[in-house]
Amino acid sequence: MNKYAGWQAVYMSFFSGDIYRDVARNWKGVGYLYLMIIVFVVWLATAIFAQIMVGQLIAANIQPIVDKWPALKIHNNEFSIDKKSPYIIDIANGAMAIDFDMTDHAQFPSNKLGILITRKTIDQVSNEQKQIINLDEIAKSSTSPPGDMTVDKAVVQSFVDAVKNWCGVLIFCIMAPATLIGCMIQTLIYGGIGMMVSSTMKVGLTYGQAVRLASVALTPGLLLEGIIRSTGHEVPFWPLISVVLATVYIVFAVRSNAGEEPPAAAIVS
């Protein structure tokens with residue numbers, strides 16, 4: 001019977017040899033259910049933080065643009081707006097702008113960077129100016145020219161709201177399963193390292209037990225990585241640090257079982 005379980009096992013994985021002895025002797029399988037819970041909880045917290053941060057970013061930087069957005073129409077293979085041209089939306093305290101200029105001599109303000117939208121093109125104006133969209137070229141290369149459409153404030157607002165409301169869900173649904181698969185592969189590798197340490201120290205672990213220990217030994221690194229992401233900080237060389245950290249903990253886990261004789265457990269996937 002497991003002596004330690006739940007969140008008691010989580011915080012003890014940072015410092016206690018007792019949890020690693022309990023994992024080797026009493027836990028069943030290879031610890032993937034435990035690993036899945038840890039990964040999913042970490043990414044759930046990260047996704048919630050990301051959604052909050054994106055919401056704040058949109059409110060501060062994107063919503064003012066949406067509030068001033070004109071009705072941008074495509075008709076007869078040309079752009080047009082429902083505002084007097086040129087119509088400029090300033091961004092980043094005026095350092096950047098979106099310029100809607102449907103005049104015959106469209107020109108972007110010389111003291112700004114940003115996007116210039118003319119009757120036929122959308123250009124990125126920067127140190128290396130480049131054309132993003134040319135309606136004439138699209139019409140020539142396509143079997144059917146672009147149809148009539150309108151991108152007004154309501155359309156842009158609905159897109160922005162979708163990003164604000166669903167970015168966290170998208171992050172979780174993509175990153176949590178991907179991280180879990182990556183961690184499962186890692187446990188197989190660290191399990192091999194554990195077997196080498198076990199053989200050297202004559203601990204007598206089975207490979208299944210070593211993999212199970214590796215599943216718990218990944219806990220400190222996963223939690224620390226989640227905290228780093230959720231605080232918006234970056235740690236230089238973190239991938240290398242996480243590998244070293246996991247290796248140290250798998251060695252610690254095996255050494256914690258030295259002198260013990262944990263029974264071989266059936267491997268349950």
# chains A, B, ... in the order shown; residues from 1 in each chain; ligands from 1
call {"tool": "residues_around", "arguments": {"residues": "range 229-244 of chain A", "least_positions_apart": "4", "cutoff": "12 Å", "atoms": "only C-alpha atoms", "output": "number ranges by chain"}}
result
A: 42-53, 183, 186-187, 189-190, 214, 217-225, 248-251
call {"tool": "residues_around", "arguments": {"residues": "Asp123 in chain A", "least_positions_apart": "2", "cutoff": "12 Å", "atoms": "only C-alpha atoms", "output": "count of residues only"}}
result
26
call {"tool": "select_by_dssp", "arguments": {"residues": "range 4-84 of chain A", "states": "strand (DSSP E)", "output": "MDAnalysis selection string"}}
result
chainID A and resid 72:75 78:80
call {"tool": "atom_distance", "arguments": {"atom1": "CA of Leu33 in chain A", "atom2": "CA of Thr179 in chain A"}}
result
13.8 Å
call {"tool": "residues_around", "arguments": {"residues": "Leu72 in chain A", "least_positions_apart": "4", "cutoff": "7 Å", "atoms": "only C-alpha atoms", "output": "JSON list (two decimals) with all heavy atoms, in the first residue's frame"}}
result
[["chain", "number", "residue", "atom", "x", "y", "z"],
["A", 79, "PHE", "N", -9.55, 47.78, -52.54],
["A", 79, "PHE", "CA", -9.88, 48.12, -51.17],
["A", 79, "PHE", "C", -10.56, 49.48, -51.14],
["A", 79, "PHE", "O", -10.26, 50.37, -51.95],
["A", 79, "PHE", "CB", -8.61, 48.20, -50.30],
["A", 79, "PHE", "CG", -7.96, 46.88, -50.02],
["A", 79, "PHE", "CD1", -6.67, 46.63, -50.47],
["A", 79, "PHE", "CD2", -8.61, 45.91, -49.28],
["A", 79, "PHE", "CE1", -6.05, 45.42, -50.19],
["A", 79, "PHE", "CE2", -8.00, 44.71, -49.00],
["A", 79, "PHE", "CZ", -6.72, 44.45, -49.46],
["A", 80, "SER", "N", -11.44, 49.64, -50.16],
["A", 80, "SER", "CA", -12.02, 50.95, -49.88],
["A", 80, "SER", "C", -12.42, 50.97, -48.41],
["A", 80, "SER", "O", -12.55, 49.92, -47.77],
["A", 80, "SER", "CB", -13.23, 51.23, -50.77],
["A", 80, "SER", "OG", -14.29, 50.32, -50.46],
["A", 81, "ILE", "N", -12.58, 52.18, -47.86],
["A", 81, "ILE", "CA", -13.00, 52.32, -46.46],
["A", 81, "ILE", "C", -14.14, 53.33, -46.37],
["A", 81, "ILE", "O", -14.37, 54.11, -47.31],
["A", 81, "ILE", "CB", -11.83, 52.76, -45.55],
["A", 81, "ILE", "CG1", -11.25, 54.09, -46.00],
["A", 81, "ILE", "CG2", -10.77, 51.68, -45.48],
["A", 81, "ILE", "CD1", -10.21, 54.67, -45.05],
["A", 150, "THR", "N", -16.29, 42.44, -46.55],
["A", 150, "THR", "CA", -16.09, 43.60, -45.68],
["A", 150, "THR", "C", -15.50, 43.13, -44.36],
["A", 150, "THR", "O", -16.02, 42.22, -43.73],
["A", 150, "THR", "CB", -17.42, 44.33, -45.41],
["A", 150, "THR", "OG1", -17.97, 44.79, -46.64],
["A", 150, "THR", "CG2", -17.19, 45.52, -44.50],
["A", 151, "VAL", "N", -14.39, 43.76, -43.98],
["A", 151, "VAL", "CA", -13.79, 43.51, -42.67],
["A", 151, "VAL", "C", -14.00, 44.77, -41.84],
["A", 151, "VAL", "O", -13.22, 45.72, -41.89],
["A", 151, "VAL", "CB", -12.29, 43.19, -42.79],
["A", 151, "VAL", "CG1", -11.69, 42.90, -41.42],
["A", 151, "VAL", "CG2", -12.05, 42.01, -43.72],
["A", 152, "ASP", "N", -15.11, 44.77, -41.10],
["A", 152, "ASP", "CA", -15.43, 45.96, -40.31],
["A", 152, "ASP", "C", -15.07, 45.73, -38.84],
["A", 152, "ASP", "O", -14.48, 44.70, -38.47],
["A", 152, "ASP", "CB", -16.90, 46.33, -40.46],
["A", 152, "ASP", "CG", -17.84, 45.19, -40.07],
["A", 152, "ASP", "OD1", -17.37, 44.21, -39.47],
["A", 152, "ASP", "OD2", -19.04, 45.29, -40.36]]
